[in-house]
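Peer 1: One file: protein.txt (compact mmCIF, C-alpha atoms).
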```
# COMPACT_ATOMS: atom_id res chain seq x y z
CA MET A 139 19.66 -6.28 0.90
CA PHE A 140 17.01 -8.30 -0.92
CA LYS A 141 15.63 -11.68 0.05
CA PRO A 142 16.42 -14.66 -2.15
CA ILE A 143 13.42 -15.70 -4.22
CA LEU A 144 15.04 -18.50 -6.21
CA ARG A 145 16.69 -21.80 -5.76
CA GLN A 146 20.34 -22.07 -6.80
CA PRO A 147 20.61 -23.34 -10.39
CA LEU A 148 22.11 -26.80 -10.72
CA LEU A 149 25.61 -26.46 -12.12
CA PRO A 150 27.49 -29.18 -14.00
CA LEU A 151 30.28 -30.88 -12.08
CA LEU A 152 32.07 -32.30 -15.11
CA ALA A 153 34.52 -29.41 -15.44
CA LEU A 154 35.82 -29.55 -11.87
CA PRO A 155 38.12 -32.60 -12.05
CA LEU A 156 39.36 -31.53 -15.47
CA LEU A 157 40.23 -27.99 -14.48
CA LEU A 158 41.81 -29.02 -11.19
CA ALA A 159 43.68 -32.13 -12.36
CA PRO A 160 47.40 -31.79 -11.47
CA VAL A 161 48.57 -34.15 -14.23
CA PRO A 162 47.29 -34.09 -17.82
CA LEU A 163 45.85 -37.21 -19.40
CA PRO A 164 48.27 -39.22 -21.51
CA ALA A 165 47.87 -39.45 -25.24
CA GLN A 166 45.73 -42.36 -26.38
CA THR A 167 47.78 -45.55 -26.14
CA GLY A 168 46.96 -49.23 -26.41
CA GLY A 169 43.82 -50.42 -28.12
CA ALA A 170 41.75 -48.59 -30.68
CA PRO A 171 40.37 -45.20 -29.65
CA TYR A 172 36.90 -45.80 -31.13
CA SER A 173 34.50 -48.72 -31.16
CA VAL A 174 31.09 -49.47 -32.69
CA ASP A 175 29.29 -52.64 -31.57
CA GLY A 176 32.57 -54.27 -30.62
CA ARG A 177 34.37 -53.29 -33.82
CA SER A 178 37.48 -51.16 -33.33
CA PHE A 179 38.58 -48.17 -35.38
CA GLY A 180 41.71 -46.07 -35.38
CA ARG A 181 40.08 -43.04 -37.03
CA LEU A 182 36.87 -41.34 -35.97
CA GLN A 183 35.79 -40.85 -39.58
CA ASP A 184 36.05 -44.61 -40.18
CA ALA A 185 33.75 -45.24 -37.20
CA VAL A 186 31.26 -42.68 -38.51
CA ASP A 187 31.35 -44.21 -42.00
CA ALA A 188 30.78 -47.69 -40.55
CA ILE A 189 27.40 -46.55 -39.20
CA GLY A 190 26.56 -44.90 -42.50
CA GLU A 191 22.82 -44.36 -42.97
CA GLY A 192 21.98 -46.52 -39.99
CA GLU A 193 21.90 -45.80 -36.27
CA GLY A 194 24.69 -46.52 -33.82
CA THR A 195 26.92 -45.48 -30.93
CA ILE A 196 30.61 -44.64 -31.17
CA ARG A 197 32.33 -45.25 -27.86
CA ILE A 198 35.37 -42.99 -27.44
CA ALA A 199 38.26 -44.02 -25.20
CA ALA A 200 39.91 -41.77 -22.65
CA GLY A 201 42.86 -39.69 -23.83
CA TYR A 202 43.69 -36.82 -26.17
CA HIS A 203 42.26 -37.32 -29.65
CA ARG A 204 43.77 -35.15 -32.36
CA ASP A 205 41.07 -36.20 -34.77
CA CYS A 206 37.78 -35.02 -36.26
CA ALA A 207 34.88 -36.32 -38.37
CA VAL A 208 32.01 -35.31 -40.65
CA GLN A 209 28.64 -37.02 -40.26
CA THR A 210 26.54 -36.88 -43.44
CA ALA A 211 23.92 -39.55 -42.73
CA GLY A 212 22.43 -41.75 -40.03
CA ARG A 213 21.85 -41.17 -36.33
CA ILE A 214 24.99 -41.33 -34.24
CA ALA A 215 25.72 -41.10 -30.51
CA PHE A 216 29.27 -39.99 -29.70
CA VAL A 217 29.79 -41.25 -26.13
CA ALA A 218 32.88 -41.05 -23.91
CA VAL A 219 33.75 -44.35 -22.24
CA GLU A 220 34.85 -42.26 -19.23
CA PRO A 221 32.89 -38.99 -19.13
CA GLY A 222 35.20 -35.97 -19.11
CA ARG A 223 38.31 -37.91 -20.12
CA ALA A 224 37.85 -38.17 -23.89
CA ILE A 225 39.35 -34.91 -25.16
CA PHE A 226 39.25 -33.68 -28.75
CA ASP A 227 42.13 -31.25 -28.98
CA GLY A 228 42.80 -28.72 -31.73
CA VAL A 229 41.90 -30.63 -34.91
CA THR A 230 39.00 -29.59 -37.16
CA CYS A 231 37.37 -30.99 -40.29
CA GLU A 232 36.39 -28.83 -43.27
CA GLY A 233 37.92 -25.84 -41.49
CA LYS A 234 34.91 -25.88 -39.14
CA ALA A 235 34.90 -28.11 -36.06
CA ALA A 236 35.94 -31.38 -34.44
CA LEU A 237 32.46 -32.74 -35.20
CA VAL A 238 30.66 -31.50 -38.31
CA LEU A 239 27.11 -32.85 -38.11
CA ARG A 240 24.69 -32.97 -41.03
CA GLY A 241 23.23 -36.43 -40.70
CA ALA A 242 19.80 -37.49 -39.45
CA GLY A 243 20.53 -36.72 -35.80
CA ALA A 244 23.26 -36.94 -33.16
CA ARG A 245 24.00 -37.12 -29.45
CA VAL A 246 27.23 -36.05 -27.73
CA ASP A 247 27.79 -37.34 -24.20
CA GLY A 248 30.70 -36.77 -21.81
CA ILE A 249 33.18 -35.34 -24.33
CA VAL A 250 35.66 -32.44 -23.97
CA PHE A 251 36.40 -30.11 -26.93
CA GLN A 252 39.29 -27.67 -26.70
CA ASN A 253 41.68 -25.42 -28.66
CA MET A 254 39.69 -25.24 -31.91
CA ARG A 255 40.84 -22.46 -34.24
CA VAL A 256 40.31 -21.95 -37.97
CA PRO A 257 41.10 -19.17 -40.49
CA ASP A 258 37.60 -17.63 -40.46
CA GLY A 259 37.63 -17.35 -36.64
CA ASN A 260 34.77 -19.81 -36.05
CA GLY A 261 36.67 -22.87 -34.88
CA ALA A 262 34.16 -24.88 -32.83
CA GLY A 263 33.85 -28.10 -30.91
CA ILE A 264 30.67 -28.85 -32.87
CA ARG A 265 29.34 -27.41 -36.13
CA LEU A 266 25.70 -28.46 -36.42
CA GLU A 267 24.34 -28.01 -39.93
CA GLN A 268 21.01 -29.85 -39.73
CA SER A 269 18.86 -32.26 -37.68
CA ASN A 270 18.43 -32.73 -33.94
CA LEU A 271 21.38 -32.69 -31.56
CA ASP A 272 21.48 -33.52 -27.84
CA VAL A 273 24.60 -32.46 -25.93
CA VAL A 274 24.92 -33.67 -22.36
CA ASN A 275 27.64 -33.63 -19.69
CA SER A 276 30.22 -32.16 -22.06
CA LEU A 277 32.86 -29.43 -21.79
CA PHE A 278 33.85 -26.83 -24.39
CA ARG A 279 36.86 -24.68 -23.57
CA GLY A 280 39.62 -22.51 -24.98
CA SER A 281 38.28 -22.41 -28.56
CA GLU A 282 36.91 -19.68 -30.78
CA GLU A 283 33.40 -21.10 -30.44
CA GLY A 284 31.77 -23.91 -28.51
CA ILE A 285 28.80 -24.83 -30.73
CA LEU A 286 27.87 -23.13 -34.00
CA THR A 287 24.81 -24.11 -36.06
CA GLY A 288 23.29 -23.48 -39.45
CA ASP A 289 19.51 -23.23 -40.01
CA ASP A 290 16.99 -26.05 -39.59
CA ARG A 291 13.48 -24.91 -38.66
CA GLN A 292 12.31 -28.49 -38.07
CA ALA A 293 15.06 -29.45 -35.63
CA THR A 294 15.90 -29.02 -31.93
CA LEU A 295 19.24 -28.37 -30.24
CA THR A 296 19.32 -29.48 -26.59
CA ILE A 297 22.22 -28.73 -24.22
CA ASP A 298 22.12 -30.09 -20.66
CA ARG A 299 24.60 -30.29 -17.77
CA SER A 300 27.52 -28.94 -19.78
CA THR A 301 30.15 -26.21 -19.43
CA PHE A 302 31.32 -23.50 -21.85
CA SER A 303 34.53 -21.79 -20.72
CA ARG A 304 37.04 -19.35 -22.30
CA LEU A 305 35.19 -19.13 -25.61
CA GLY A 306 34.29 -16.38 -28.07
CA ARG A 307 36.22 -13.66 -29.90
CA CYS A 308 35.79 -10.31 -31.64
CA ASP A 309 39.08 -9.51 -33.36
CA ARG A 310 41.06 -9.58 -36.63
CA GLY A 311 38.29 -7.68 -38.42
CA LEU A 312 36.19 -10.88 -38.58
CA SER A 313 32.61 -11.41 -37.43
CA CYS A 314 32.44 -12.21 -33.74
CA ALA A 315 32.30 -15.77 -32.43
CA HIS A 316 30.33 -16.77 -29.33
CA SER A 317 30.25 -19.52 -26.72
CA VAL A 318 27.08 -20.87 -28.37
CA TYR A 319 25.65 -19.38 -31.58
CA THR A 320 22.69 -20.93 -33.35
CA GLY A 321 21.07 -20.02 -36.62
CA VAL A 322 17.33 -20.40 -37.20
CA TYR A 323 16.87 -23.68 -35.36
CA GLY A 324 13.27 -24.65 -34.62
CA ARG A 325 13.85 -24.91 -30.89
CA VAL A 326 16.85 -24.38 -28.62
CA VAL A 327 16.82 -25.81 -25.09
CA VAL A 328 19.67 -25.04 -22.67
CA THR A 329 19.39 -26.36 -19.10
CA ARG A 330 21.63 -26.86 -16.05
CA THR A 331 24.65 -25.54 -17.95
CA ARG A 332 27.48 -23.19 -16.95
CA PHE A 333 28.85 -20.35 -19.08
CA GLU A 334 32.00 -18.63 -17.82
CA LYS A 335 35.22 -16.73 -18.62
CA GLY A 336 34.12 -15.57 -22.07
CA SER A 337 36.83 -14.10 -24.29
CA GLY A 338 34.60 -12.04 -26.59
CA GLY A 339 31.19 -12.08 -28.22
CA HIS A 340 28.02 -13.24 -26.43
CA TYR A 341 27.68 -16.25 -24.16
CA LEU A 342 24.47 -17.57 -25.74
CA LYS A 343 23.25 -16.14 -29.05
CA THR A 344 20.37 -17.80 -30.88
CA ARG A 345 18.08 -16.94 -33.78
CA SER A 346 15.70 -19.73 -32.84
CA PRO A 347 11.99 -18.75 -32.83
CA ARG A 348 11.50 -20.67 -29.57
CA VAL A 349 13.87 -21.03 -26.62
CA GLU A 350 13.94 -22.68 -23.23
CA ILE A 351 16.84 -21.33 -21.18
CA ARG A 352 16.52 -22.36 -17.55
CA ASP A 353 18.51 -23.37 -14.47
CA ASN A 354 21.83 -22.20 -15.94
CA SER A 355 24.62 -19.98 -14.65
CA PHE A 356 26.19 -17.17 -16.69
CA ASP A 357 29.26 -16.09 -14.71
CA ASP A 358 31.05 -13.25 -16.49
CA THR A 359 33.23 -12.21 -13.53
CA GLN A 360 36.38 -13.43 -15.32
CA GLY A 361 35.19 -12.55 -18.81
CA THR A 362 37.27 -10.41 -21.17
CA ALA A 363 35.75 -7.94 -23.68
CA THR A 364 32.42 -9.79 -23.62
CA ASN A 365 28.94 -8.65 -24.70
CA TYR A 366 25.45 -9.88 -23.76
CA LEU A 367 24.89 -12.93 -21.59
CA ILE A 368 21.84 -13.92 -23.66
CA ASP A 369 21.19 -12.49 -27.11
CA LEU A 370 18.00 -13.24 -29.06
CA PRO A 371 18.91 -11.06 -32.05
CA ALA A 372 15.83 -11.86 -34.17
CA GLY A 373 13.35 -12.13 -31.28
CA SER A 374 11.97 -15.34 -29.78
CA THR A 375 9.23 -16.85 -27.64
CA GLY A 376 9.50 -19.42 -24.85
CA GLN A 377 11.18 -18.83 -21.50
CA ILE A 378 14.31 -17.60 -19.76
CA ALA A 379 13.86 -18.77 -16.18
CA ASN A 380 15.72 -19.56 -12.96
CA ASN A 381 19.15 -18.58 -14.24
CA LEU A 382 22.01 -17.02 -12.27
CA MET A 383 23.45 -14.09 -14.25
CA ILE A 384 26.54 -12.15 -13.17
CA GLN A 385 28.02 -9.43 -15.37
CA GLY A 386 31.76 -8.84 -15.14
CA ARG A 387 33.79 -5.63 -15.35
CA ASP A 388 35.71 -6.20 -18.58
CA LYS A 389 33.01 -5.59 -21.19
CA GLU A 390 32.97 -4.62 -24.83
CA ASN A 391 29.23 -3.98 -24.39
CA TYR A 392 27.81 -3.64 -20.88
CA GLY A 393 24.43 -2.20 -21.96
CA ALA A 394 22.28 -5.27 -21.23
CA LEU A 395 22.28 -8.78 -19.83
CA ILE A 396 19.45 -10.03 -22.08
CA ALA A 397 18.82 -8.50 -25.52
CA VAL A 398 15.65 -9.19 -27.52
CA ALA A 399 15.41 -8.46 -31.28
CA ALA A 400 18.45 -6.18 -31.35
CA GLU A 401 19.17 -7.00 -35.01
CA ALA A 402 15.78 -7.91 -36.52
CA ARG A 403 12.16 -8.79 -35.76
CA ASP A 404 12.08 -11.99 -37.79
CA ASN A 405 10.46 -13.98 -34.97
CA PRO A 406 7.52 -12.99 -32.76
CA SER A 407 8.50 -12.16 -29.18
CA ARG A 408 5.07 -11.57 -27.64
CA GLY A 409 4.74 -13.54 -24.43
CA LEU A 410 8.44 -14.38 -24.01
CA VAL A 411 8.63 -15.33 -20.32
CA ILE A 412 11.56 -13.96 -18.30
CA THR A 413 11.12 -14.88 -14.66
CA GLY A 414 12.79 -16.27 -11.56
CA ASN A 415 16.30 -15.16 -12.56
CA ARG A 416 18.94 -13.70 -10.25
CA ALA A 417 21.16 -11.03 -11.79
CA SER A 418 23.88 -8.66 -10.67
CA VAL A 419 26.35 -6.15 -12.11
CA PRO A 420 29.68 -4.90 -10.70
CA GLN A 421 29.41 -1.94 -8.37
CA GLY A 422 31.30 1.33 -8.58
CA THR A 423 31.60 1.42 -12.37
CA GLY A 424 29.16 4.29 -12.90
CA ARG A 425 27.64 2.60 -15.91
CA LYS A 426 24.00 1.84 -16.70
CA THR A 427 23.05 -1.75 -17.45
CA ILE A 428 19.59 -3.03 -18.38
CA PHE A 429 18.42 -6.48 -17.33
CA VAL A 430 16.16 -6.86 -20.40
CA ALA A 431 16.67 -4.56 -23.39
CA ASP A 432 13.86 -4.97 -25.92
CA TRP A 433 13.84 -3.89 -29.56
CA SER A 434 10.82 -6.05 -30.50
CA GLY A 435 8.11 -3.60 -29.47
CA GLU A 436 5.96 -6.54 -28.32
CA ALA A 437 4.60 -7.34 -24.87
CA LEU A 438 7.08 -9.57 -23.04
CA ALA A 439 6.00 -11.53 -19.95
CA ILE A 440 8.58 -10.32 -17.43
CA GLY A 441 7.79 -11.79 -14.02
CA PRO A 442 9.58 -11.44 -10.69
CA ASN A 443 13.37 -11.50 -10.97
CA GLU A 444 15.93 -10.81 -8.25
CA LEU A 445 18.01 -7.87 -9.48
CA GLY A 446 21.05 -6.46 -7.73
CA PRO A 447 21.81 -2.75 -7.29
CA GLY A 448 22.49 -0.78 -10.43
CA LEU A 449 20.37 -2.91 -12.76
CA THR A 450 17.46 -1.35 -14.67
CA ARG A 451 14.67 -3.93 -14.93
CA PHE A 452 13.50 -3.25 -18.49
CA GLU A 453 13.88 -0.79 -21.30
CA LYS A 454 12.06 -0.66 -24.62
CA ILE A 455 14.42 0.55 -27.32
CA SER A 456 13.27 2.01 -30.63
CA GLY A 457 15.07 1.75 -33.92
```
Have the structure of the file written as structure tokens, please.
Peer 2:
Amino acid sequence: MFKPILRQPLLPLLALPLLLAPVPLPAQTGGAPYSVDGRSFGRLQDAVDAIGEGEGTIRIAAGYHRDCAVQTAGRIAFVAVEPGRAIFDGVTCEGKAALVLRGAGARVDGIVFQNMRVPDGNGAGIRLEQSNLDVVNSLFRGSEEGILTGDDRQATLTIDRSTFSRLGRCDRGLSCAHSVYTGVYGRVVVTRTRFEKGSGGHYLKTRSPRVEIRDNSFDDTQGTATNYLIDLPAGSTGQIANNLMIQGRDKENYGALIAVAAEARDNPSRGLVITGNRASVPQGTGRKTIFVADWSGEALAIGPNELGPGLTRFEKISG
């Protein structure tokens, strides 16, 4: 037995009442579902267009919203009137996501995204194509992907106190989808967030040159045909710290929990800090799993981590 060296990561509580609720929310009834500065709108796109190139907040009523919108300008906050009770369910715009964001910036607060599916297998709650995005206290579940981004080297994606559940896929001969998958975003920050019950792909995959991944939980015990918990396929700097990481039994790829530069060395990885994490793998499987598998060939800053039996601390991989 080993002594605990870490504090328990703070886990979001938003998902609990939603997952345990005995009665589903009713469909939206009475009053307009969206409002901006006291003005009411029946369609989300109309509320987005009303803000235009300006800055504003769209308040979203409780209920199921079979709706979507594309933001092409301005800075918009999408905020649930009752956190966890505004649910976007199964409707996507442009064959991409419930929210397609390519304006000057956005914030998403207290919203649930579920059941997003599209022909190319990348149906997401949010498709982020440019600019900064802050996601807080939100839940993504039962879709092909939670958040998918394009490239914006000048922008930051921040995710805090949120939950990603029953996401990802690798089937139909299509490229895999993941719980969170970012392109070359300037910085990706993920804190106090829970990843669980993956249904394929990786839990967090990012091509960002700089990451901050701390105080999260990656619980793969009920995952199905999943891969890495954290994948930095092009390398990255920054930190992976104070996370709880549990690998499950049903794996498509059980070789590593954290993978660095497995696809390319586009970003420097020298000095990437990996410390203070707790990690475990299932016992009795007879398989070898590496805590950090590194293809970058650079010197990573791997500090003390609490590793369970059967985990190899580090392996440098050539090729």
Peer 1: For segment 226-235 of chain A, list every protein, DNA or RNA residue within 7 Å, evaluated using all atoms listed in the file, and leave out those in the same chain fewer than 4 positions away; present the list as a ChimeraX atom specification.
Peer 2: /A:202-208,250-254,256,260-265
Peer 1: Which residue out of A:Leu438, A:Ala394, A:Ala224, A:Ala200 has the minimum interatomic distance to Lys426 of chain A when all atoms listed in the file are used?
Peer 2: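 Counting all atoms listed in the file, the residue closest to Lys426 of chain A is A:Ala394.
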Peer 1: Please return, as a ChimeraX atom specification, all polymer residues that have at least one atom within 9 Å of the point (37.1, -11.6, -32.9); use all atoms listed in the file and the file's own coordinate frame.
Peer 2: /A:259,282,306-315,337-339
Peer 1: Which residues, written as a list in words, have at least one atom at most 6 Å from Arg299 of chain A, with all atoms listed in the file counted and residues fewer than 6 positions away on the same chain left out?
Peer 2: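 Once the adjacent positions are removed, what remains is Pro150, Val274, Asn275, Arg330 and Thr331 of chain A.
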Peer 1: Include C-alpha atoms and write out the residues we just selected as a PDB file, in the coordinates of the input.
Peer 2:
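Listing of result-v7.pdb after writing:
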```pdb
ATOM      1  CA  PRO A 150      27.490 -29.180 -14.000  1.00  0.00           C
ATOM      2  CA  VAL A 274      24.920 -33.670 -22.360  1.00  0.00           C
ATOM      3  CA  ASN A 275      27.640 -33.630 -19.690  1.00  0.00           C
ATOM      4  CA  ARG A 330      21.630 -26.860 -16.050  1.00  0.00           C
ATOM      5  CA  THR A 331      24.650 -25.540 -17.950  1.00  0.00           C
TER       6      THR A 331
END
```
Peer 1: Using atom CA of Arg213 of chain A and atom CA of Ala242 of chain A as the two end points, give the distance in Å to one decimal.
Peer 2: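 For atom CA of Arg213 of chain A relative to atom CA of Ala242 of chain A, the distance reads 5.2 Å.
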Peer 1: So how many Å separate atom CA of Val217 of chain A and atom CA of Thr320 of chain A, to one decimal?
Peer 2: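 One can read the atom CA of Val217 of chain A to atom CA of Thr320 of chain A distance as 22.7 Å.
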Peer 1: Could you add the missing atoms to segment 206-217 of chain A, up to all heavy atoms, and return them as a PDB file, keeping the file's coordinate frame?
Peer 2:
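Result file is part_26.pdb:
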```
ATOM      1  N   CYS A 206      39.058 -35.679 -36.020  1.00  0.00           N
ATOM      2  CA  CYS A 206      37.780 -35.020 -36.260  1.00  0.00           C
ATOM      3  C   CYS A 206      36.978 -35.885 -37.230  1.00  0.00           C
ATOM      4  O   CYS A 206      37.513 -36.858 -37.787  1.00  0.00           O
ATOM      5  CB  CYS A 206      37.973 -33.619 -36.838  1.00  0.00           C
ATOM      6  SG  CYS A 206      38.767 -33.574 -38.466  1.00  0.00           S
ATOM      7  N   ALA A 207      35.698 -35.539 -37.445  1.00  0.00           N
ATOM      8  CA  ALA A 207      34.880 -36.320 -38.370  1.00  0.00           C
ATOM      9  C   ALA A 207      33.714 -35.497 -38.871  1.00  0.00           C
ATOM     10  O   ALA A 207      33.269 -34.547 -38.214  1.00  0.00           O
ATOM     11  CB  ALA A 207      34.376 -37.603 -37.698  1.00  0.00           C
ATOM     12  N   VAL A 208      33.195 -35.911 -40.043  1.00  0.00           N
ATOM     13  CA  VAL A 208      32.010 -35.310 -40.650  1.00  0.00           C
ATOM     14  C   VAL A 208      30.931 -36.374 -40.752  1.00  0.00           C
ATOM     15  O   VAL A 208      31.162 -37.439 -41.347  1.00  0.00           O
ATOM     16  CB  VAL A 208      32.326 -34.744 -42.050  1.00  0.00           C
ATOM     17  CG1 VAL A 208      31.075 -34.128 -42.670  1.00  0.00           C
ATOM     18  CG2 VAL A 208      33.458 -33.724 -41.983  1.00  0.00           C
ATOM     19  N   GLN A 209      29.782 -36.113 -40.162  1.00  0.00           N
ATOM     20  CA  GLN A 209      28.640 -37.020 -40.260  1.00  0.00           C
ATOM     21  C   GLN A 209      27.689 -36.488 -41.329  1.00  0.00           C
ATOM     22  O   GLN A 209      27.185 -35.380 -41.231  1.00  0.00           O
ATOM     23  CB  GLN A 209      27.894 -37.096 -38.923  1.00  0.00           C
ATOM     24  CG  GLN A 209      26.636 -37.951 -38.968  1.00  0.00           C
ATOM     25  CD  GLN A 209      25.691 -37.665 -37.815  1.00  0.00           C
ATOM     26  OE1 GLN A 209      25.932 -36.759 -37.005  1.00  0.00           O
ATOM     27  NE2 GLN A 209      24.603 -38.408 -37.736  1.00  0.00           N
ATOM     28  N   THR A 210      27.418 -37.306 -42.350  1.00  0.00           N
ATOM     29  CA  THR A 210      26.540 -36.880 -43.440  1.00  0.00           C
ATOM     30  C   THR A 210      25.259 -37.681 -43.520  1.00  0.00           C
ATOM     31  O   THR A 210      24.391 -37.368 -44.341  1.00  0.00           O
ATOM     32  CB  THR A 210      27.279 -37.003 -44.791  1.00  0.00           C
ATOM     33  OG1 THR A 210      27.667 -38.366 -44.997  1.00  0.00           O
ATOM     34  CG2 THR A 210      28.517 -36.114 -44.822  1.00  0.00           C
ATOM     35  N   ALA A 211      25.117 -38.711 -42.689  1.00  0.00           N
ATOM     36  CA  ALA A 211      23.920 -39.550 -42.730  1.00  0.00           C
ATOM     37  C   ALA A 211      23.770 -40.253 -41.388  1.00  0.00           C
ATOM     38  O   ALA A 211      24.654 -40.200 -40.533  1.00  0.00           O
ATOM     39  CB  ALA A 211      24.023 -40.583 -43.854  1.00  0.00           C
ATOM     40  N   GLY A 212      22.640 -40.925 -41.207  1.00  0.00           N
ATOM     41  CA  GLY A 212      22.430 -41.750 -40.030  1.00  0.00           C
ATOM     42  C   GLY A 212      22.242 -40.957 -38.746  1.00  0.00           C
ATOM     43  O   GLY A 212      22.325 -39.727 -38.718  1.00  0.00           O
ATOM     44  N   ARG A 213      21.973 -41.730 -37.686  1.00  0.00           N
ATOM     45  CA  ARG A 213      21.850 -41.170 -36.330  1.00  0.00           C
ATOM     46  C   ARG A 213      22.964 -41.760 -35.486  1.00  0.00           C
ATOM     47  O   ARG A 213      23.054 -42.979 -35.344  1.00  0.00           O
ATOM     48  CB  ARG A 213      20.480 -41.497 -35.730  1.00  0.00           C
ATOM     49  CG  ARG A 213      19.330 -40.771 -36.388  1.00  0.00           C
ATOM     50  CD  ARG A 213      18.002 -41.131 -35.739  1.00  0.00           C
ATOM     51  NE  ARG A 213      16.932 -40.303 -36.236  1.00  0.00           N
ATOM     52  CZ  ARG A 213      16.248 -40.540 -37.367  1.00  0.00           C
ATOM     53  NH1 ARG A 213      16.552 -41.606 -38.103  1.00  0.00           N
ATOM     54  NH2 ARG A 213      15.289 -39.739 -37.758  1.00  0.00           N
ATOM     55  N   ILE A 214      23.785 -40.877 -34.931  1.00  0.00           N
ATOM     56  CA  ILE A 214      24.990 -41.330 -34.240  1.00  0.00           C
ATOM     57  C   ILE A 214      25.063 -40.721 -32.842  1.00  0.00           C
ATOM     58  O   ILE A 214      24.865 -39.516 -32.676  1.00  0.00           O
ATOM     59  CB  ILE A 214      26.252 -40.961 -35.034  1.00  0.00           C
ATOM     60  CG1 ILE A 214      26.230 -41.637 -36.416  1.00  0.00           C
ATOM     61  CG2 ILE A 214      27.511 -41.368 -34.267  1.00  0.00           C
ATOM     62  CD1 ILE A 214      27.425 -41.279 -37.286  1.00  0.00           C
ATOM     63  N   ALA A 215      25.388 -41.568 -31.857  1.00  0.00           N
ATOM     64  CA  ALA A 215      25.720 -41.100 -30.510  1.00  0.00           C
ATOM     65  C   ALA A 215      27.232 -41.178 -30.336  1.00  0.00           C
ATOM     66  O   ALA A 215      27.829 -42.245 -30.542  1.00  0.00           O
ATOM     67  CB  ALA A 215      25.008 -41.948 -29.467  1.00  0.00           C
ATOM     68  N   PHE A 216      27.843 -40.060 -30.002  1.00  0.00           N
ATOM     69  CA  PHE A 216      29.270 -39.990 -29.700  1.00  0.00           C
ATOM     70  C   PHE A 216      29.392 -39.980 -28.174  1.00  0.00           C
ATOM     71  O   PHE A 216      29.054 -38.977 -27.532  1.00  0.00           O
ATOM     72  CB  PHE A 216      29.884 -38.725 -30.294  1.00  0.00           C
ATOM     73  CG  PHE A 216      29.762 -38.608 -31.787  1.00  0.00           C
ATOM     74  CD1 PHE A 216      28.620 -38.080 -32.382  1.00  0.00           C
ATOM     75  CD2 PHE A 216      30.802 -39.022 -32.619  1.00  0.00           C
ATOM     76  CE1 PHE A 216      28.509 -37.960 -33.762  1.00  0.00           C
ATOM     77  CE2 PHE A 216      30.699 -38.903 -34.001  1.00  0.00           C
ATOM     78  CZ  PHE A 216      29.544 -38.378 -34.574  1.00  0.00           C
ATOM     79  N   VAL A 217      29.865 -41.076 -27.587  1.00  0.00           N
ATOM     80  CA  VAL A 217      29.790 -41.250 -26.130  1.00  0.00           C
ATOM     81  C   VAL A 217      31.178 -41.561 -25.570  1.00  0.00           C
ATOM     82  O   VAL A 217      31.850 -42.501 -26.024  1.00  0.00           O
ATOM     83  CB  VAL A 217      28.815 -42.390 -25.768  1.00  0.00           C
ATOM     84  CG1 VAL A 217      28.767 -42.592 -24.262  1.00  0.00           C
ATOM     85  CG2 VAL A 217      27.419 -42.083 -26.310  1.00  0.00           C
TER      86      VAL A 217
END
```
